[in-house]
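Source file: work.txt (compact mmCIF, C-alpha atoms)
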```txt
# COMPACT_ATOMS: atom_id res chain seq x y z
CA MET A 2 46.12 41.34 -104.02
CA SER A 3 49.44 39.60 -104.60
CA ILE A 4 47.63 36.33 -105.33
CA PHE A 5 45.29 38.13 -107.71
CA LEU A 6 48.24 39.66 -109.56
CA GLY A 7 49.91 36.27 -109.67
CA GLU A 8 46.84 34.74 -111.35
CA LEU A 9 46.81 37.60 -113.86
CA LYS A 10 50.43 36.83 -114.70
CA LYS A 11 49.40 33.26 -115.51
CA LEU A 12 46.89 34.63 -118.00
CA TRP A 13 48.94 37.46 -119.40
CA ASN A 14 52.50 37.33 -120.68
CA TRP A 15 54.29 38.82 -123.64
CA ARG A 16 53.66 35.72 -125.77
CA THR A 17 49.92 35.90 -125.17
CA VAL A 18 49.80 39.61 -125.96
CA ALA A 19 51.95 39.16 -129.09
CA ILE A 20 49.73 36.34 -130.40
CA ILE A 21 46.52 38.33 -129.80
CA ILE A 22 47.98 41.37 -131.57
CA ALA A 23 49.27 39.34 -134.52
CA VAL A 24 46.02 37.43 -135.00
CA GLY A 25 44.05 40.64 -134.48
CA VAL A 26 45.95 42.35 -137.29
CA LEU A 27 45.30 39.38 -139.59
CA VAL A 28 41.59 39.38 -138.73
CA PHE A 29 41.38 43.11 -139.38
CA PHE A 30 42.89 42.97 -142.86
CA ALA A 31 41.28 39.65 -143.80
CA PHE A 32 37.73 40.42 -142.64
CA LEU A 33 37.10 43.78 -140.99
CA TYR A 34 38.85 45.91 -143.58
CA GLN A 35 36.89 44.13 -146.31
CA VAL A 36 33.65 45.33 -144.68
CA ILE A 37 35.07 48.86 -144.57
CA LYS A 38 36.06 48.67 -148.26
CA ASN A 39 32.62 47.42 -149.22
CA TYR A 40 30.96 50.20 -147.25
CA ASN A 41 33.15 52.84 -148.88
CA GLY A 42 32.88 51.28 -152.33
CA PHE A 43 29.12 50.83 -152.42
CA THR A 44 27.07 53.98 -152.08
CA GLY A 45 23.73 52.27 -151.61
CA PRO A 46 20.55 52.57 -153.71
CA TYR A 47 20.71 56.38 -153.61
CA GLY A 48 24.35 56.86 -154.60
CA PRO A 49 26.10 59.87 -153.07
CA HIS A 50 22.92 61.97 -153.07
CA GLN A 51 21.38 60.82 -149.79
CA GLU A 52 24.66 61.49 -148.02
CA GLU A 53 24.81 64.92 -149.70
CA MET A 54 21.35 65.64 -148.31
CA PHE A 55 22.53 64.61 -144.85
CA ASP A 56 25.57 66.90 -145.10
CA ARG A 57 23.38 69.83 -146.15
CA TYR A 58 20.30 69.37 -143.97
CA GLY A 59 21.23 67.19 -141.00
CA ASP A 60 19.74 63.89 -139.90
CA THR A 61 16.10 64.63 -140.85
CA LEU A 62 14.48 66.15 -143.91
CA GLU A 63 11.92 68.96 -143.90
CA PRO A 64 9.58 69.63 -146.85
CA GLU A 65 11.26 72.92 -147.75
CA GLU A 66 14.66 71.19 -147.69
CA LEU A 67 13.37 68.52 -150.06
CA ALA A 68 12.17 71.28 -152.38
CA ASP A 69 15.52 73.06 -152.09
CA PHE A 70 17.39 69.90 -153.11
CA ASP A 71 15.30 69.94 -156.32
CA ILE A 72 15.41 66.28 -157.28
CA PRO A 73 13.18 66.80 -160.38
CA GLY A 74 15.48 69.57 -161.62
CA ARG A 75 18.55 67.38 -161.15
CA ILE A 76 16.88 64.53 -163.02
CA ALA A 77 16.00 66.92 -165.89
CA ASN A 78 19.65 68.08 -166.11
CA LEU A 79 20.87 64.49 -166.18
CA GLU A 80 18.39 63.53 -168.87
CA LYS A 81 19.67 66.39 -171.03
CA GLN A 82 23.24 65.16 -170.58
CA ALA A 83 22.17 61.59 -171.38
CA SER A 84 20.41 62.81 -174.54
CA ALA A 85 23.58 64.66 -175.60
CA ILE A 86 25.69 61.52 -175.09
CA ILE A 87 23.20 59.42 -177.03
CA ALA A 88 22.93 61.96 -179.88
CA GLY A 89 26.71 62.11 -180.20
CA ASP A 90 27.16 58.38 -180.74
CA PRO A 91 25.71 56.75 -183.90
CA ILE A 92 25.53 53.30 -182.28
CA PHE A 93 22.58 54.46 -180.15
CA ALA A 94 20.69 55.59 -183.25
CA GLN A 95 21.39 52.25 -184.91
CA TYR A 96 19.20 50.57 -182.28
CA GLY A 97 16.64 53.35 -181.97
CA VAL A 98 17.85 54.46 -178.53
CA ARG A 99 17.00 58.09 -177.77
CA THR A 100 16.75 57.95 -173.95
CA VAL A 101 18.15 55.87 -171.10
CA SER A 102 14.76 54.14 -170.84
CA ASP A 103 15.00 53.10 -174.49
CA LEU A 104 18.32 51.41 -173.76
CA HIS A 105 16.82 49.30 -170.97
CA GLU A 106 13.88 48.29 -173.15
CA LEU A 107 16.16 46.62 -175.68
CA ILE A 108 15.87 42.84 -175.78
CA VAL A 109 19.37 41.68 -174.91
CA PHE A 110 18.95 38.06 -175.99
CA ASP A 111 16.75 37.74 -179.06
CA ASP A 112 16.27 34.38 -180.76
CA SER A 113 15.58 36.10 -184.08
CA ARG A 114 19.24 37.25 -184.29
CA SER A 115 21.89 35.06 -185.79
CA ALA A 116 24.91 34.12 -183.70
CA ALA A 117 27.03 36.80 -185.42
CA GLU A 118 24.30 39.42 -185.00
CA GLN A 119 23.89 38.53 -181.33
CA GLU A 120 27.62 38.78 -180.73
CA GLN A 121 27.74 42.19 -182.42
CA PHE A 122 24.70 43.37 -180.49
CA LEU A 123 26.27 42.43 -177.16
CA LYS A 124 29.39 44.38 -178.04
CA ASP A 125 27.31 47.40 -179.02
CA TYR A 126 25.14 47.06 -175.92
CA ASP A 127 28.20 46.98 -173.65
CA HIS A 128 29.50 50.06 -175.47
CA MET A 129 26.22 51.95 -174.92
CA MET A 130 26.08 50.95 -171.25
CA TYR A 131 29.68 52.03 -170.80
CA LYS A 132 29.03 55.43 -172.37
CA LEU A 133 26.08 56.16 -170.10
CA TYR A 134 27.17 54.45 -166.88
CA ASP A 135 30.95 54.20 -166.64
CA ASP A 136 32.62 56.44 -169.21
CA THR A 137 34.93 59.00 -167.57
CA VAL A 138 33.79 61.44 -170.25
CA ALA A 139 30.14 61.03 -169.20
CA ILE A 140 30.62 62.93 -165.97
CA ALA A 141 27.30 63.83 -164.43
CA ASN A 142 26.49 67.53 -164.09
CA VAL A 143 24.07 66.74 -161.27
CA SER A 144 23.40 70.22 -159.92
CA GLY A 145 22.94 71.88 -163.30
CA SER A 146 25.85 74.25 -162.82
CA ASP A 147 28.37 75.08 -165.52
CA VAL A 148 31.09 73.07 -163.76
CA LEU A 149 31.02 69.30 -164.22
CA VAL A 150 31.75 67.41 -160.99
CA ARG A 151 33.39 64.03 -161.20
CA THR A 152 31.78 61.50 -158.86
CA GLN A 153 34.34 58.81 -158.30
CA ARG A 154 34.12 55.56 -156.36
CA PRO A 155 36.99 54.60 -154.01
CA SER A 156 37.83 51.87 -156.53
CA GLY A 157 38.66 54.58 -159.06
CA ALA A 158 35.66 54.04 -161.36
CA TYR A 159 33.46 57.00 -162.20
CA ILE A 160 29.70 57.00 -161.72
CA GLY A 161 28.17 57.96 -165.04
CA VAL A 162 24.94 59.74 -165.90
CA GLY A 163 22.89 56.53 -165.98
CA TYR A 164 23.75 55.62 -162.41
CA HIS A 165 22.92 59.11 -161.17
CA LEU A 166 19.54 58.96 -162.90
CA GLU A 167 18.76 55.67 -161.14
CA TYR A 168 19.95 57.02 -157.79
CA LEU A 169 17.90 60.21 -158.05
CA ASN A 170 14.74 58.45 -159.21
CA ALA A 171 15.04 56.06 -156.26
CA LEU A 172 15.62 59.05 -153.96
CA LYS A 173 12.56 60.80 -155.39
CA ASN A 174 10.44 57.74 -154.65
CA ARG A 175 11.96 57.45 -151.20
CA TYR A 176 11.28 60.98 -150.00
CA ALA A 177 8.24 62.04 -152.02
CA PRO A 178 5.30 62.70 -149.65
CA GLY A 179 3.67 59.35 -148.91
CA ALA A 180 5.55 57.55 -151.68
CA ASP A 181 8.32 56.09 -149.55
CA SER A 182 6.14 53.62 -147.74
CA VAL A 183 3.05 52.81 -149.81
CA VAL A 184 4.17 49.25 -150.53
CA HIS A 185 5.41 48.71 -146.98
CA ARG A 186 2.18 50.05 -145.49
CA PHE A 187 0.23 47.53 -147.57
CA GLN A 188 2.55 44.60 -146.84
CA ILE A 189 3.50 45.22 -143.23
CA THR A 190 0.63 46.95 -141.49
CA ASP A 191 -2.05 44.74 -143.07
CA TYR A 192 -0.43 41.42 -143.98
CA ASP A 193 2.65 40.92 -141.80
CA GLY A 194 2.11 38.00 -139.42
CA SER A 195 4.01 39.56 -136.53
CA SER A 196 2.13 41.86 -134.17
CA VAL A 197 5.47 43.32 -133.06
CA VAL A 198 6.44 44.29 -136.62
CA ARG A 199 2.97 45.68 -137.36
CA ARG A 200 2.98 47.78 -134.20
CA HIS A 201 6.39 49.34 -134.89
CA ALA A 202 5.54 49.87 -138.57
CA ARG A 203 2.35 51.72 -137.67
CA GLN A 204 4.25 53.86 -135.17
CA LEU A 205 6.80 54.81 -137.83
CA PHE A 206 4.15 55.58 -140.46
CA GLU A 207 2.06 57.62 -138.02
CA SER A 208 5.16 59.59 -137.04
CA ARG A 209 5.93 60.34 -140.68
CA ASP A 210 2.34 61.30 -141.41
CA THR A 211 2.03 63.72 -138.50
CA ASN A 212 5.58 65.07 -138.41
CA PRO A 213 7.26 66.03 -141.70
CA HIS A 214 10.53 66.47 -139.80
CA SER A 215 10.78 62.73 -139.10
CA MET A 216 12.04 61.65 -142.55
CA ASN A 217 15.32 59.89 -141.86
CA LEU A 218 18.45 60.87 -143.82
CA ILE A 219 20.92 58.32 -142.46
CA ARG A 220 22.69 56.46 -145.25
CA ILE A 221 20.38 53.50 -145.54
CA ASP A 222 22.99 50.71 -145.52
CA THR A 223 25.11 52.05 -142.64
CA THR A 224 23.31 50.01 -139.98
CA ARG A 225 23.57 46.78 -141.96
CA TYR A 226 27.28 47.16 -142.70
CA PHE A 227 28.11 48.00 -139.10
CA ALA A 228 26.16 44.97 -137.84
CA VAL A 229 28.28 42.71 -140.08
CA TYR A 230 31.42 44.44 -138.82
CA ALA A 231 30.37 44.15 -135.16
CA CYS A 232 29.47 40.48 -135.66
CA THR A 233 33.00 39.77 -136.91
CA VAL A 234 34.47 41.59 -133.91
CA ALA A 235 32.26 39.58 -131.54
CA VAL A 236 33.33 36.25 -133.06
CA PHE A 237 37.02 37.16 -132.76
CA ALA A 238 36.56 38.40 -129.17
CA LEU A 239 34.81 35.15 -128.17
CA ILE A 240 37.61 33.02 -129.60
CA VAL A 241 40.23 35.13 -127.82
CA VAL A 242 38.38 34.85 -124.50
CA PHE A 243 38.04 31.06 -124.75
CA VAL A 244 41.68 30.56 -125.72
CA LEU A 245 42.82 32.93 -122.96
CA ILE A 246 40.64 31.62 -120.11
CA ALA A 247 40.14 27.90 -120.63
CA PRO A 248 43.71 26.70 -119.85
CA LEU A 249 44.07 28.55 -116.50
CA VAL A 250 42.53 26.09 -114.03
CA THR A 251 43.27 23.05 -116.21
CA ALA A 252 46.98 23.90 -116.20
CA ASP A 253 46.99 23.92 -112.37
CA ARG A 254 45.27 20.54 -112.29
CA THR A 255 47.63 19.12 -114.90
CA ARG A 256 50.58 20.13 -112.70
CA ARG A 257 48.65 18.82 -109.65
CA LEU A 258 48.81 22.19 -107.91
CA HIS A 259 45.19 21.81 -106.86
CA TYR A 260 46.26 19.31 -104.17
CA LEU A 261 48.17 22.10 -102.46
CA GLN A 262 45.24 24.45 -102.87
CA TYR A 263 42.85 22.01 -101.20
CA ALA A 264 45.21 21.55 -98.26
CA SER A 265 44.11 24.75 -96.47
CA ALA A 266 41.20 27.16 -96.21
CA ILE A 267 43.32 29.91 -97.79
CA GLY A 268 44.25 27.63 -100.65
CA ARG A 269 40.61 26.89 -101.39
CA LYS A 270 40.02 30.65 -101.78
CA ILE A 271 42.47 30.74 -104.69
CA PHE A 272 39.73 29.38 -106.96
CA LYS A 273 37.61 32.44 -106.16
CA ILE A 274 40.57 34.71 -106.90
CA GLN A 275 41.10 32.90 -110.19
CA PHE A 276 37.44 33.55 -111.06
CA LEU A 277 37.90 37.26 -110.38
CA ALA A 278 41.08 37.32 -112.48
CA VAL A 279 39.28 35.53 -115.31
CA THR A 280 36.32 37.94 -115.24
CA PHE A 281 38.59 40.99 -115.11
CA SER A 282 40.76 39.73 -117.97
CA SER A 283 37.82 38.85 -120.21
CA LEU A 284 36.24 42.25 -119.68
CA ALA A 285 39.55 44.02 -120.26
CA ILE A 286 40.36 42.23 -123.53
CA THR A 287 36.76 42.56 -124.77
CA VAL A 288 36.62 46.29 -124.09
CA ALA A 289 40.02 46.77 -125.73
CA LEU A 290 39.03 44.80 -128.86
CA ILE A 291 35.70 46.60 -129.16
CA ALA A 292 37.25 50.03 -128.66
CA LEU A 293 40.06 49.50 -131.17
CA SER A 294 37.98 47.80 -133.86
CA TYR A 295 35.03 50.19 -133.63
CA ALA A 296 37.41 53.15 -133.69
CA ALA A 297 38.97 51.74 -136.88
CA PHE A 298 35.54 51.51 -138.54
CA PHE A 299 34.76 55.16 -137.86
CA MET A 300 38.29 56.23 -138.72
CA PHE A 301 38.20 54.71 -142.21
CA THR A 302 34.56 55.53 -143.07
CA THR A 303 32.25 58.53 -142.93
CA ALA A 304 29.78 56.73 -140.65
CA GLU A 305 30.70 58.86 -137.64
CA LYS A 306 28.46 61.70 -138.83
CA PHE A 307 25.42 59.41 -138.59
CA LEU A 308 25.84 58.68 -134.87
CA GLY A 309 23.04 61.07 -133.94
CA ALA A 310 20.63 59.90 -136.66
CA SER A 311 17.76 57.47 -136.06
CA ILE A 312 18.05 53.96 -137.53
CA ALA A 313 14.27 53.38 -137.70
CA ASP A 314 13.75 52.82 -141.40
CA PHE A 315 13.38 50.31 -144.24
CA ASP A 316 16.62 49.03 -145.74
CA GLY A 317 15.24 47.59 -148.96
CA TRP A 318 13.66 44.44 -147.51
CA THR A 319 14.73 44.99 -143.87
CA PHE A 320 12.75 46.98 -141.31
CA TYR A 321 14.76 48.45 -138.42
CA MET A 322 11.97 48.67 -135.89
CA TYR A 323 13.33 50.76 -133.03
CA ASP A 324 13.64 54.54 -133.02
CA ILE A 325 17.14 54.76 -131.56
CA THR A 326 20.14 56.65 -132.87
CA PHE A 327 22.98 54.97 -134.72
CA GLY A 328 25.23 55.84 -131.77
CA GLN A 329 22.90 54.00 -129.40
CA TYR A 330 22.85 51.08 -131.83
CA VAL A 331 26.66 50.95 -131.76
CA LEU A 332 26.64 50.93 -127.94
CA ALA A 333 23.98 48.22 -127.90
CA LEU A 334 26.06 45.94 -130.15
CA ALA A 335 29.11 46.61 -127.97
CA GLY A 336 27.08 45.68 -124.89
CA MET A 337 25.83 42.48 -126.50
CA THR A 338 29.39 41.55 -127.44
CA ALA A 339 30.61 42.24 -123.90
CA ALA A 340 27.78 40.14 -122.42
CA LEU A 341 28.60 37.22 -124.72
CA CYS A 342 32.30 37.43 -123.84
CA VAL A 343 31.62 37.54 -120.08
CA GLY A 344 29.38 34.52 -120.50
CA ALA A 345 32.08 32.77 -122.53
CA SER A 346 34.74 33.42 -119.88
CA CYS A 347 32.51 32.08 -117.08
CA LEU A 348 31.62 28.96 -119.06
CA ALA A 349 35.25 28.36 -120.01
CA PHE A 350 36.25 28.79 -116.36
CA ALA A 351 33.61 26.31 -115.14
CA LEU A 352 34.45 23.76 -117.82
CA SER A 353 38.17 23.99 -117.10
CA ARG A 354 37.49 23.16 -113.44
CA PHE A 355 36.16 19.76 -114.50
CA SER A 356 38.92 19.03 -117.02
CA ALA A 357 41.81 16.91 -115.82
CA ASN A 358 44.06 17.83 -118.75
CA ILE A 359 44.26 20.00 -121.84
CA VAL A 360 42.74 17.36 -124.14
CA THR A 361 39.67 16.98 -121.93
CA MET A 362 39.40 20.75 -121.70
CA LEU A 363 39.44 21.06 -125.50
CA ILE A 364 36.78 18.36 -125.92
CA LYS A 365 34.48 20.32 -123.60
CA SER A 366 35.38 23.88 -124.61
CA VAL A 367 35.38 23.68 -128.41
CA PRO A 368 31.67 22.79 -128.74
CA ALA A 369 30.77 25.51 -126.21
CA ALA A 370 32.86 28.05 -128.12
CA LEU A 371 31.27 27.09 -131.45
CA ALA A 372 27.79 27.39 -129.91
CA LEU A 373 28.56 30.89 -128.62
CA VAL A 374 30.04 31.93 -131.96
CA LEU A 375 26.84 30.84 -133.73
CA LEU A 376 24.78 32.67 -131.12
CA ALA A 377 26.81 35.84 -131.71
CA ILE A 378 26.24 35.58 -135.47
CA PHE A 379 22.50 35.06 -135.06
CA ALA A 380 22.11 37.76 -132.41
CA ILE A 381 24.16 40.58 -133.93
CA ASN A 382 23.43 40.17 -137.65
CA TYR A 383 20.35 42.25 -138.51
CA SER A 384 19.92 43.05 -134.83
CA PHE A 385 16.91 45.23 -133.93
CA SER A 386 15.28 44.41 -137.28
CA ASP A 387 12.57 42.07 -138.53
CA GLN A 388 15.25 39.94 -140.26
CA ASN A 389 17.17 38.93 -137.12
CA SER A 390 17.47 35.13 -136.89
CA ILE A 391 16.70 34.93 -133.16
CA PHE A 392 13.67 37.17 -133.61
CA ILE A 393 12.40 35.01 -136.49
CA ARG A 394 13.36 31.45 -135.62
CA VAL A 395 13.41 31.36 -131.81
CA PHE A 396 10.74 33.87 -130.80
CA ARG A 397 8.60 33.55 -133.94
CA ARG A 398 8.69 37.35 -134.42
CA GLU A 399 6.61 37.93 -131.29
CA ALA A 400 9.11 39.37 -128.78
CA GLU A 401 10.67 42.77 -128.19
CA LEU A 402 14.48 42.94 -128.41
CA PRO A 403 14.96 39.15 -128.20
CA GLU A 404 18.63 39.33 -129.24
CA VAL A 405 19.42 41.57 -126.27
CA VAL A 406 17.44 39.36 -123.90
CA VAL A 407 19.25 36.21 -125.09
CA CYS A 408 22.72 37.77 -124.71
CA ALA A 409 21.92 39.14 -121.25
CA ALA A 410 20.35 35.84 -120.15
CA LEU A 411 23.37 33.87 -121.34
CA ALA A 412 25.75 36.15 -119.44
CA LEU A 413 23.63 35.91 -116.27
CA ILE A 414 23.30 32.11 -116.42
CA ALA A 415 27.01 31.66 -117.10
CA VAL A 416 27.96 33.94 -114.18
CA LEU A 417 25.61 32.01 -111.87
CA ILE A 418 27.15 28.71 -112.98
CA ALA A 419 30.64 30.01 -112.29
CA VAL A 420 29.59 31.38 -108.87
CA VAL A 421 28.07 28.00 -107.93
CA VAL A 422 31.29 26.24 -108.95
CA VAL A 423 33.38 28.70 -106.94
CA ARG A 424 31.23 28.27 -103.82
CA ARG A 425 31.36 24.52 -104.25
CA GLU A 426 35.16 24.57 -103.97
CA LYS A 427 34.96 25.60 -100.31
CA ARG A 428 33.68 22.17 -99.27
CA VAL A 429 34.38 19.74 -102.10
CA ASP A 430 36.69 16.79 -101.53
CA VAL A 431 40.01 16.53 -103.35
CA ALA A 432 39.41 15.47 -106.93
```
Kindly transcribe the structure held in the file into structure tokens.
Amino acid sequence: MSIFLGELKKLWNWRTVAIIIAVGVLVFFAFLYQVIKNYNGFTGPYGPHQEEMFDRYGDTLEPEELADFDIPGRIANLEKQASAIIAGDPIFAQYGVRTVSDLHELIVFDDSRSAAEQEQFLKDYDHMMYKLYDDTVAIANVSGSDVLVRTQRPSGAYIGVGYHLEYLNALKNRYAPGADSVVHRFQITDYDGSSVVRRHARQLFESRDTNPHSMNLIRIDTTRYFAVYACTVAVFALIVVFVLIAPLVTADRTRRLHYLQYASAIGRKIFKIQFLAVTFSSLAITVALIALSYAAFFMFTTAEKFLGASIADFDGWTFYMYDITFGQYVLALAGMTAALCVGASCLAFALSRFSANIVTMLIKSVPAALALVLLAIFAINYSFSDQNSIFIRVFRREAELPEVVVCAALALIAVLIAVVVVRREKRVDVA
């Protein structure tokens, strides 16, 4: 145990901890917090309304709850407000605009206009768009009550009537019986080239057809944003593990301590103890980074309430194929990150054994670290969906959970390599 603790002291000291903390803080504010800001600042294709439905009805939507939410009534109220805004501003009448649809039918760039007329039109068009979409006066009375509710983005801008109309029309198409998946049924179940995608799509459609309670209310971009966040955490954790682990054995060889270690049977066992210290340290720092960074994501966003909701859904052009909860998805990404980091520590340990000095160690370790970073990006981005790079490019969209299999296989192979190297030390000649 004393030798084990001694090897841990080689890995861990106050300088190492201070550097990891300092760089971690920089990474958080430079990258991770930007993902959080984007998630909070962009409400998705359904605005705040899908999240309101989740708060009112839970993680799934029943037909009577959809009727209670009264999307058509809300749209009618918004159209009345839009008509009032348009009627109160003569610029709209100048261009024959009586509804929001009329505004979008205007030809923005018309060759028949002179340069001066085009310039004036663009100014008027921006004014009309501002009045309907961004004006703080055009506060949407979404529910039809007498009290106007200001819907404000975290950036401070208000969401005007026009945005709410777009959000609610998209929501109506999303949750209307059978309307949410007509296009996807045609494209995926009949024409998609992947049997895996077709099978999961049919399962989802059949579930929605037979069970009206299966309509998913999770905010549709939550899974995508968290995958980007988790990918950034994985890349940082991999770099930390490589920088922490790689110099351990190389430093002993640079100082020629390995000659003393080879001099006795007990000394040869130190390499095994170093392997245990490396594995323990990599797991400890990975778990700590995952726990702290994931906690920060849920602390600064409202995503925590979706942990029990299923992620199986279409995110615009992405199909999340597996009917697991968002909480299980979070744990899966954490597990993939941990597997990659364990594999990285074992590879760094094995490579450092065959490096006579720091320069040689860097020449061998940097390419391995870059390869693992790329693997983490490809595996975690769009994981469990039909847009995952490993699923598409490596397995040609014909394998179940390929990103998980690749991460687990890498960790297993790397551990086996490290074990072989450790066992080899018991009988190898001095080198």
Exercise. Which polymer residues, protein or nucleic acid, are no farther than 10 Å from (23.3, 42.0, -131.4), counting only C-alpha atoms, as a ChimeraX atom specification?
Worked result: /A:228,231-232,235,330-331,333-338,341,376-385,389,391,402-408
For this session: For a cut-off of 10 Å around (40.0, 33.1, -125.8), file coordinates, pick out all residues using all atoms listed in the file and list them as a VMD selection string.
Result: chain A and resid 21 237 to 248 283 286 342 345 to 346 349 370
Problem set entry | d(CA of Ile92 (chain A), CA of Arg75 (chain A)) in Å |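 Here the two named atoms are 26.3 Å from each other.
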Problem set entry | Atomic distance CA of Phe206 (chain A) - CA of Tyr230 (chain A), expressed in Å with one decimal |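 CA of Tyr230 (chain A) lies at a distance of 29.5 Å from CA of Phe206 (chain A).
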Problem set entry | One-decimal distance in Å that lies between CA of Thr100 (chain A) and CA of Ala85 (chain A) |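 CA of Thr100 (chain A) lies 9.7 Å from CA of Ala85 (chain A).
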Would you compute an axis-aligned box for region 198-203 of chain A, covering every atom listed for it in the file with 6 Å of margin on each side, and report centre and edge lengths in Å to one decimal as lines of an AutoDock Vina configuration file?
```
center_x = 4.4
center_y = 48.0
center_z = -136.4
size_x = 16.1
size_y = 19.4
size_z = 16.4
```
Problem set entry | Nearest to Lys306 (chain A), chosen from A:Phe350, A:Phe55, A:Phe227, A:Tyr40, with only C-alpha atoms counted in the distances |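 Closest to Lys306 (chain A), using only C-alpha atoms: A:Phe55.
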Exercise. Which of these, A:Leu332, A:Leu218, A:Cys347, A:Val234, has the shortest distance to Leu277 (chain A) once you count all atoms listed in the file?
Worked result: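 The answer is A:Cys347, which sits nearest to Leu277 (chain A).
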For this session: Between A:Val24, A:Ala19, A:Ala285, A:Leu67, single out the one closest to Lys173 (chain A), counting only C-alpha atoms.
Result: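 So, comparing all the options, the nearest one is A:Leu67.
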Exercise. Smallest atom-to-atom distance to Gln329 (chain A): which of A:Ser195, A:Thr224, A:Gln388, A:Thr302, using only C-alpha atoms?
Worked result: A:Thr224
Exercise. For Lys11 (chain A), which residue out of A:Glu426, A:Val279, A:Leu172, A:Ile414 is the nearest one, using only C-alpha atoms?
Worked result: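 Going through A:Glu426, A:Val279, A:Leu172, A:Ile414 one by one, the smallest distance to Lys11 (chain A) is for A:Val279.
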